[in-house]
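Pasted below: final.cif, mmCIF, C-alpha atoms.
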data_coords
loop_
_atom_site.label_atom_id
_atom_site.label_comp_id
_atom_site.auth_asym_id
_atom_site.auth_seq_id
_atom_site.Cartn_x
_atom_site.Cartn_y
_atom_site.Cartn_z
CA MET M 1 -9.96 1.52 -2.78
CA SER M 2 -13.71 1.49 -2.17
CA GLU M 3 -14.47 0.80 -5.84
CA GLN M 4 -12.71 -2.56 -5.77
CA MET M 5 -14.30 -5.97 -6.10
CA PRO M 6 -16.21 -7.07 -2.97
CA ALA M 7 -14.11 -9.28 -0.73
CA ALA M 8 -16.60 -12.16 -1.07
CA GLU M 9 -15.97 -12.29 -4.84
CA MET M 10 -12.18 -12.05 -4.66
CA GLN M 11 -9.99 -15.04 -4.00
CA THR M 12 -6.87 -14.08 -2.08
CA ILE M 13 -3.58 -15.06 -3.62
CA THR M 14 -0.96 -16.98 -1.69
CA LEU M 15 2.58 -15.82 -1.05
CA GLU M 16 3.80 -18.31 -3.65
CA GLU M 17 1.44 -16.78 -6.22
CA ALA M 18 2.53 -13.23 -5.43
CA SER M 19 4.98 -11.38 -7.62
CA PRO M 20 8.71 -11.80 -6.94
CA GLU M 21 8.79 -8.06 -6.19
CA LEU M 22 6.20 -8.38 -3.44
CA ARG M 23 7.97 -11.37 -1.95
CA GLN M 24 11.21 -9.36 -1.98
CA VAL M 25 9.66 -6.37 -0.18
CA ILE M 26 8.07 -8.70 2.40
CA LYS M 27 11.45 -10.33 3.00
CA PHE M 28 13.35 -7.03 3.10
CA GLU M 29 10.88 -5.42 5.50
CA SER M 30 10.64 -8.58 7.64
CA VAL M 31 6.85 -8.47 7.48
CA PRO M 32 5.48 -10.65 10.30
CA GLU M 33 3.75 -13.82 9.15
CA GLU M 34 0.50 -12.71 10.83
CA MET M 35 0.37 -9.72 8.46
CA LEU M 36 0.84 -11.72 5.25
CA PRO M 37 -2.89 -12.24 4.56
CA MET M 38 -3.45 -8.51 4.93
CA VAL M 39 -0.49 -7.60 2.67
CA LEU M 40 -1.59 -10.10 0.02
CA GLY M 41 -5.19 -8.87 0.18
CA VAL M 42 -4.14 -5.22 -0.11
CA TYR M 43 -1.78 -6.09 -2.96
CA GLN M 44 -4.53 -7.82 -4.88
CA ALA M 45 -7.30 -5.31 -4.15
CA SER M 46 -5.29 -2.18 -4.82
CA GLU M 47 -3.76 -2.96 -8.21
CA GLU M 48 -6.06 -0.72 -10.27
CA ALA M 49 -5.69 2.32 -7.98
CA VAL M 50 -1.93 1.79 -7.70
CA TYR M 51 -1.63 1.55 -11.48
CA GLU M 52 -3.43 4.88 -11.83
CA ALA M 53 -1.02 6.41 -9.31
CA TRP M 54 1.96 4.93 -11.18
CA ASN M 55 0.72 6.43 -14.45
CA SER M 56 0.31 9.83 -12.79
CA MET M 57 4.01 9.97 -11.88
CA PRO M 58 6.49 11.60 -14.23
CA ALA M 59 8.70 9.16 -16.14
CA SER M 60 11.73 10.44 -14.24
CA ALA M 61 10.12 9.28 -10.99
CA GLN M 62 9.08 5.94 -12.50
CA ASN M 63 12.71 5.42 -13.51
CA VAL M 64 13.73 5.32 -9.83
CA LEU M 65 12.24 1.82 -9.90
CA ASP M 66 12.63 -0.87 -12.53
CA ASN M 67 8.91 -1.40 -13.12
CA PHE M 68 5.34 -1.01 -11.92
CA GLU M 69 5.48 -4.28 -9.96
CA GLN M 70 8.15 -2.84 -7.65
CA PHE M 71 5.97 0.21 -6.99
CA HIS M 72 2.91 -1.99 -6.45
CA ALA M 73 4.80 -4.14 -3.93
CA LEU M 74 6.06 -1.10 -2.01
CA VAL M 75 2.56 0.38 -1.91
CA ALA M 76 0.97 -2.87 -0.69
CA VAL M 77 3.33 -3.18 2.26
CA SER M 78 3.08 0.53 3.07
CA GLN M 79 -0.72 0.46 2.92
CA SER M 80 -0.83 -2.65 5.08
CA TYR M 81 1.20 -1.03 7.85
CA SER M 82 -0.81 2.20 7.55
CA GLY M 83 -4.07 0.23 7.66
CA LEU M 84 -2.94 -1.73 10.69
CA ASP M 85 -1.99 1.46 12.53
CA PHE M 86 -5.36 2.95 11.61
CA MET M 87 -7.27 -0.09 12.88
CA GLU M 88 -5.42 0.13 16.20
CA GLN M 89 -6.40 3.80 16.53
CA VAL M 90 -10.01 3.37 15.43
CA ARG M 91 -10.62 0.78 18.14
CA ASN M 92 -10.36 3.53 20.75
CA MET M 93 -12.11 6.21 18.71
CA GLU M 94 -15.09 7.86 20.38
CA MET M 95 -17.97 8.19 17.92
CA PRO M 96 -20.86 10.65 18.35
CA ASP M 97 -23.98 9.12 19.88
CA THR M 98 -26.00 10.77 17.12
CA MET M 99 -24.49 8.45 14.49
CA THR M 100 -26.13 5.11 13.79
CA GLY M 101 -24.00 2.00 13.71
CA GLU M 102 -24.11 2.04 9.91
CA GLU M 103 -23.04 5.70 9.78
CA GLN M 104 -20.17 4.95 12.13
CA GLU M 105 -19.01 2.07 9.92
CA GLN M 106 -19.26 4.24 6.79
CA TYR M 107 -17.28 6.98 8.50
CA LYS M 108 -14.56 4.53 9.55
CA ALA M 109 -14.44 3.06 6.04
CA GLN M 110 -13.99 6.56 4.58
CA LEU M 111 -11.21 7.30 7.05
CA LEU M 112 -9.47 4.04 6.14
CA ASP M 113 -9.80 4.85 2.45
CA ASN M 114 -8.16 8.23 3.12
CA VAL M 115 -5.32 6.55 5.04
CA LEU M 116 -4.69 4.14 2.15
CA HIS M 117 -4.70 6.96 -0.42
CA THR M 118 -2.28 8.92 1.76
CA ALA M 119 0.09 5.94 1.85
CA ILE M 120 0.24 6.00 -1.96
CA LYS M 121 0.77 9.78 -2.03
CA ASP M 122 3.56 9.54 0.54
CA LEU M 123 5.36 6.86 -1.45
CA ILE M 124 5.05 8.93 -4.62
CA LYS M 125 6.58 11.91 -2.80
CA GLN M 126 9.49 9.76 -1.61
CA ILE M 127 10.11 8.43 -5.10
CA LYS M 128 9.98 11.92 -6.60
CA LYS M 129 12.54 13.08 -4.00
CA ALA M 130 14.73 10.08 -4.80
CA ARG M 131 15.10 11.33 -8.39
CA LEU M 132 17.25 14.14 -7.05
CA LYS M 133 18.90 12.38 -4.13
CA PRO M 134 21.18 9.50 -5.15
CA ASN M 135 21.33 8.13 -1.60
CA MET M 136 17.54 7.84 -1.41
CA LYS M 137 17.42 6.25 -4.85
CA ARG M 138 20.05 3.70 -3.78
CA GLU M 139 18.10 2.91 -0.59
CA ILE M 140 14.93 2.24 -2.57
CA ARG M 141 16.74 0.11 -5.15
CA THR M 142 18.48 -1.87 -2.38
CA ILE M 143 15.10 -3.34 -1.43
CA PHE M 144 14.98 -5.23 -4.74
CA GLU M 145 18.54 -6.51 -4.82
CA SER M 146 18.82 -10.19 -4.04
#
Could I get this file's structure written as structure tokens?
Amino acid sequence: MSEQMPAAEMQTITLEEASPELRQVIKFESVPEEMLPMVLGVYQASEEAVYEAWNSMPASAQNVLDNFEQFHALVAVSQSYSGLDFMEQVRNMEMPDTMTGEEQEQYKAQLLDNVLHTAIKDLIKQIKKARLKPNMKREIRTIFES
């Protein structure tokens, strides 16, 4: 995630501009309105990394979903919740006095990057499991039914 376009150069999309798949996941998961800017920002900023993850999955796992956009939407919401949890935890994190403010910020950014990568890995694991478990596959597909 750290190789993405700087936030100052990126214009955030609106919910209306988001993919139908993302809107569906937001609706299904009842994402609070306060989180929408974060979800939309993550969705937009993570596309390249998510596409690489999608391409790394076997075709049998990709076939659990209808397309990349469904995977991208699931990842964006998952990463947003993971990121929010992380930010809550980092607020109370004790940092060594030997670290400068900049070092502390870099450390926190690296931890957040790890959390976001883990969210992708976890979703990939779930999708791979769903290939072999019809109930899991049905649950995932239910998200995208109108």
Could you tell me which of M:Thr12, M:Pro58, M:Glu17, M:Val75 comes closest to M:Ile120 if we count only C-alpha atoms?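 Nearest to M:Ile120: M:Val75.
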Between atom CA of M:Ser56 and atom CA of M:Pro20, distance in Å (one decimal): 23.9 Å
Which of these, M:Met136, M:Leu22, M:Met57, M:Leu15, has the shortest distance to M:Pro37 once you count all atoms listed in the file? M:Leu15
Mind giving me the straight-line distance from atom CA of M:Phe68 to atom CA of M:Trp54 in Å, one decimal?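 Between atom CA of M:Phe68 and atom CA of M:Trp54 the gap works out to 6.9 Å.
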Pick out the residues sitting within 12 Å of M:Glu94, and hand them over as a ChimeraX atom specification; count all atoms listed in the file, and ignore anything fewer than 4 positions along from it in its own chain. /M:89-90,98-99,104,108
Residues from the last selection, C-alpha atoms, saved as an mmCIF file, keeping the file's coordinate frame:
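Output file again_28.cif follows:
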data_model
loop_
_atom_site.group_PDB
_atom_site.id
_atom_site.type_symbol
_atom_site.label_atom_id
_atom_site.label_comp_id
_atom_site.auth_asym_id
_atom_site.auth_seq_id
_atom_site.Cartn_x
_atom_site.Cartn_y
_atom_site.Cartn_z
ATOM 1 C CA GLN M 89 -6.400 3.800 16.530
ATOM 2 C CA VAL M 90 -10.010 3.370 15.430
ATOM 3 C CA THR M 98 -26.000 10.770 17.120
ATOM 4 C CA MET M 99 -24.490 8.450 14.490
ATOM 5 C CA GLN M 104 -20.170 4.950 12.130
ATOM 6 C CA LYS M 108 -14.560 4.530 9.550
#
What does the distance from atom CA of M:Arg91 to atom CA of M:Lys125 come to in Å, to one decimal?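 Computing the Euclidean distance for atom CA of M:Arg91 and atom CA of M:Lys125 yields 29.3 Å.
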Residues proximal to (-7.6, 6.3, 3.3) were defined as those with any atom within 12 Å of that point in the file's coordinates, counting all atoms listed in the file. Which are they, as a PyMOL selection string? chain M and resi 1-2+46+79-80+82-87+107-122
Restricted to C-alpha atoms, what would the selected residues look like written as an mmCIF file, keeping the file's coordinate frame?
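Contents of the output file part-v9.cif:
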data_model
loop_
_atom_site.group_PDB
_atom_site.id
_atom_site.type_symbol
_atom_site.label_atom_id
_atom_site.label_comp_id
_atom_site.auth_asym_id
_atom_site.auth_seq_id
_atom_site.Cartn_x
_atom_site.Cartn_y
_atom_site.Cartn_z
ATOM 1 C CA MET M 1 -9.960 1.520 -2.780
ATOM 2 C CA SER M 2 -13.710 1.490 -2.170
ATOM 3 C CA SER M 46 -5.290 -2.180 -4.820
ATOM 4 C CA GLN M 79 -0.720 0.460 2.920
ATOM 5 C CA SER M 80 -0.830 -2.650 5.080
ATOM 6 C CA SER M 82 -0.810 2.200 7.550
ATOM 7 C CA GLY M 83 -4.070 0.230 7.660
ATOM 8 C CA LEU M 84 -2.940 -1.730 10.690
ATOM 9 C CA ASP M 85 -1.990 1.460 12.530
ATOM 10 C CA PHE M 86 -5.360 2.950 11.610
ATOM 11 C CA MET M 87 -7.270 -0.090 12.880
ATOM 12 C CA TYR M 107 -17.280 6.980 8.500
ATOM 13 C CA LYS M 108 -14.560 4.530 9.550
ATOM 14 C CA ALA M 109 -14.440 3.060 6.040
ATOM 15 C CA GLN M 110 -13.990 6.560 4.580
ATOM 16 C CA LEU M 111 -11.210 7.300 7.050
ATOM 17 C CA LEU M 112 -9.470 4.040 6.140
ATOM 18 C CA ASP M 113 -9.800 4.850 2.450
ATOM 19 C CA ASN M 114 -8.160 8.230 3.120
ATOM 20 C CA VAL M 115 -5.320 6.550 5.040
ATOM 21 C CA LEU M 116 -4.690 4.140 2.150
ATOM 22 C CA HIS M 117 -4.700 6.960 -0.420
ATOM 23 C CA THR M 118 -2.280 8.920 1.760
ATOM 24 C CA ALA M 119 0.090 5.940 1.850
ATOM 25 C CA ILE M 120 0.240 6.000 -1.960
ATOM 26 C CA LYS M 121 0.770 9.780 -2.030
ATOM 27 C CA ASP M 122 3.560 9.540 0.540
#
Residue by residue, what does the PyMOL selection byres ((chain M and resi 140) around 10) grab here? Present the result as a ChimeraX atom specification. /M:64-65,70,74,126-127,130,134-139,141-145
Using all atoms listed in the file, which of the listed residues (M:Gln106, M:Gln62, M:Asn67, M:Thr14) sits closest to M:Met38?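 Among the listed residues, the smallest separation from M:Met38 belongs to M:Thr14.
Proximity of M:Ala61, M:Ala53, M:Met95, M:Ile26 to M:Ser78, computed with only C-alpha atoms, is greatest for M:Ile26.
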Rebuild stretch 90-101 of chain M so that it carries all heavy atoms, then output the result as a compact mmCIF listing (two decimals), in the frame of the given file.
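Just written: part_2.txt:
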# COMPACT_ATOMS: atom_id res chain seq x y z
N VAL M 90 -8.56 3.28 15.54
CA VAL M 90 -10.01 3.37 15.43
C VAL M 90 -10.71 2.56 16.52
O VAL M 90 -11.84 2.87 16.90
CB VAL M 90 -10.49 2.96 14.02
CG1 VAL M 90 -10.58 1.46 13.85
CG2 VAL M 90 -11.80 3.60 13.68
N ARG M 91 -10.04 1.58 17.05
CA ARG M 91 -10.62 0.78 18.14
C ARG M 91 -10.98 1.65 19.34
O ARG M 91 -11.96 1.40 20.03
CB ARG M 91 -9.61 -0.27 18.60
CG ARG M 91 -10.08 -1.67 18.40
CD ARG M 91 -9.10 -2.61 18.98
NE ARG M 91 -8.14 -2.94 17.93
CZ ARG M 91 -7.36 -3.97 17.95
NH1 ARG M 91 -7.36 -4.77 18.97
NH2 ARG M 91 -6.54 -4.23 16.97
N ASN M 92 -10.15 2.66 19.58
CA ASN M 92 -10.36 3.53 20.75
C ASN M 92 -11.05 4.83 20.40
O ASN M 92 -11.18 5.70 21.25
CB ASN M 92 -8.99 3.85 21.39
CG ASN M 92 -8.26 2.60 21.80
OD1 ASN M 92 -8.85 1.65 22.29
ND2 ASN M 92 -6.96 2.57 21.58
N MET M 93 -11.50 4.96 19.17
CA MET M 93 -12.11 6.21 18.71
C MET M 93 -13.52 6.36 19.30
O MET M 93 -14.32 5.44 19.25
CB MET M 93 -12.19 6.22 17.18
CG MET M 93 -12.68 7.51 16.59
SD MET M 93 -12.85 7.44 14.79
CE MET M 93 -11.17 7.24 14.27
N GLU M 94 -13.76 7.53 19.86
CA GLU M 94 -15.09 7.86 20.38
C GLU M 94 -15.93 8.37 19.22
O GLU M 94 -15.55 9.32 18.55
CB GLU M 94 -14.99 8.93 21.47
CG GLU M 94 -14.31 8.44 22.74
CD GLU M 94 -15.18 7.49 23.53
OE1 GLU M 94 -16.42 7.63 23.50
OE2 GLU M 94 -14.60 6.60 24.18
N MET M 95 -17.07 7.77 19.00
CA MET M 95 -17.97 8.19 17.92
C MET M 95 -19.16 8.91 18.53
O MET M 95 -19.61 8.56 19.62
CB MET M 95 -18.45 6.96 17.13
CG MET M 95 -17.34 6.16 16.48
SD MET M 95 -16.40 7.06 15.26
CE MET M 95 -17.54 7.05 13.91
N PRO M 96 -19.69 9.91 17.83
CA PRO M 96 -20.86 10.65 18.35
C PRO M 96 -22.06 9.71 18.53
O PRO M 96 -22.31 8.82 17.71
CB PRO M 96 -21.15 11.67 17.26
CG PRO M 96 -19.94 11.74 16.41
CD PRO M 96 -19.24 10.43 16.55
N ASP M 97 -22.78 9.92 19.61
CA ASP M 97 -23.98 9.12 19.88
C ASP M 97 -25.07 9.34 18.84
O ASP M 97 -25.96 8.52 18.69
CB ASP M 97 -24.55 9.46 21.27
CG ASP M 97 -23.61 9.03 22.38
OD1 ASP M 97 -22.80 8.10 22.15
OD2 ASP M 97 -23.67 9.63 23.48
N THR M 98 -24.98 10.45 18.12
CA THR M 98 -26.00 10.77 17.12
C THR M 98 -25.85 9.94 15.86
O THR M 98 -26.77 9.89 15.04
CB THR M 98 -25.92 12.27 16.75
OG1 THR M 98 -24.61 12.56 16.28
CG2 THR M 98 -26.25 13.15 17.95
N MET M 99 -24.71 9.28 15.69
CA MET M 99 -24.49 8.45 14.49
C MET M 99 -25.02 7.04 14.72
O MET M 99 -24.79 6.46 15.78
CB MET M 99 -22.99 8.36 14.16
CG MET M 99 -22.37 9.65 13.70
SD MET M 99 -20.59 9.45 13.41
CE MET M 99 -20.59 9.11 11.66
N THR M 100 -25.68 6.50 13.71
CA THR M 100 -26.13 5.11 13.79
C THR M 100 -24.91 4.21 13.61
O THR M 100 -23.84 4.66 13.18
CB THR M 100 -27.15 4.80 12.68
OG1 THR M 100 -26.49 4.89 11.41
CG2 THR M 100 -28.34 5.75 12.73
N GLY M 101 -25.08 2.97 13.90
CA GLY M 101 -24.00 2.00 13.71
C GLY M 101 -23.51 1.98 12.26
O GLY M 101 -22.31 1.91 11.99
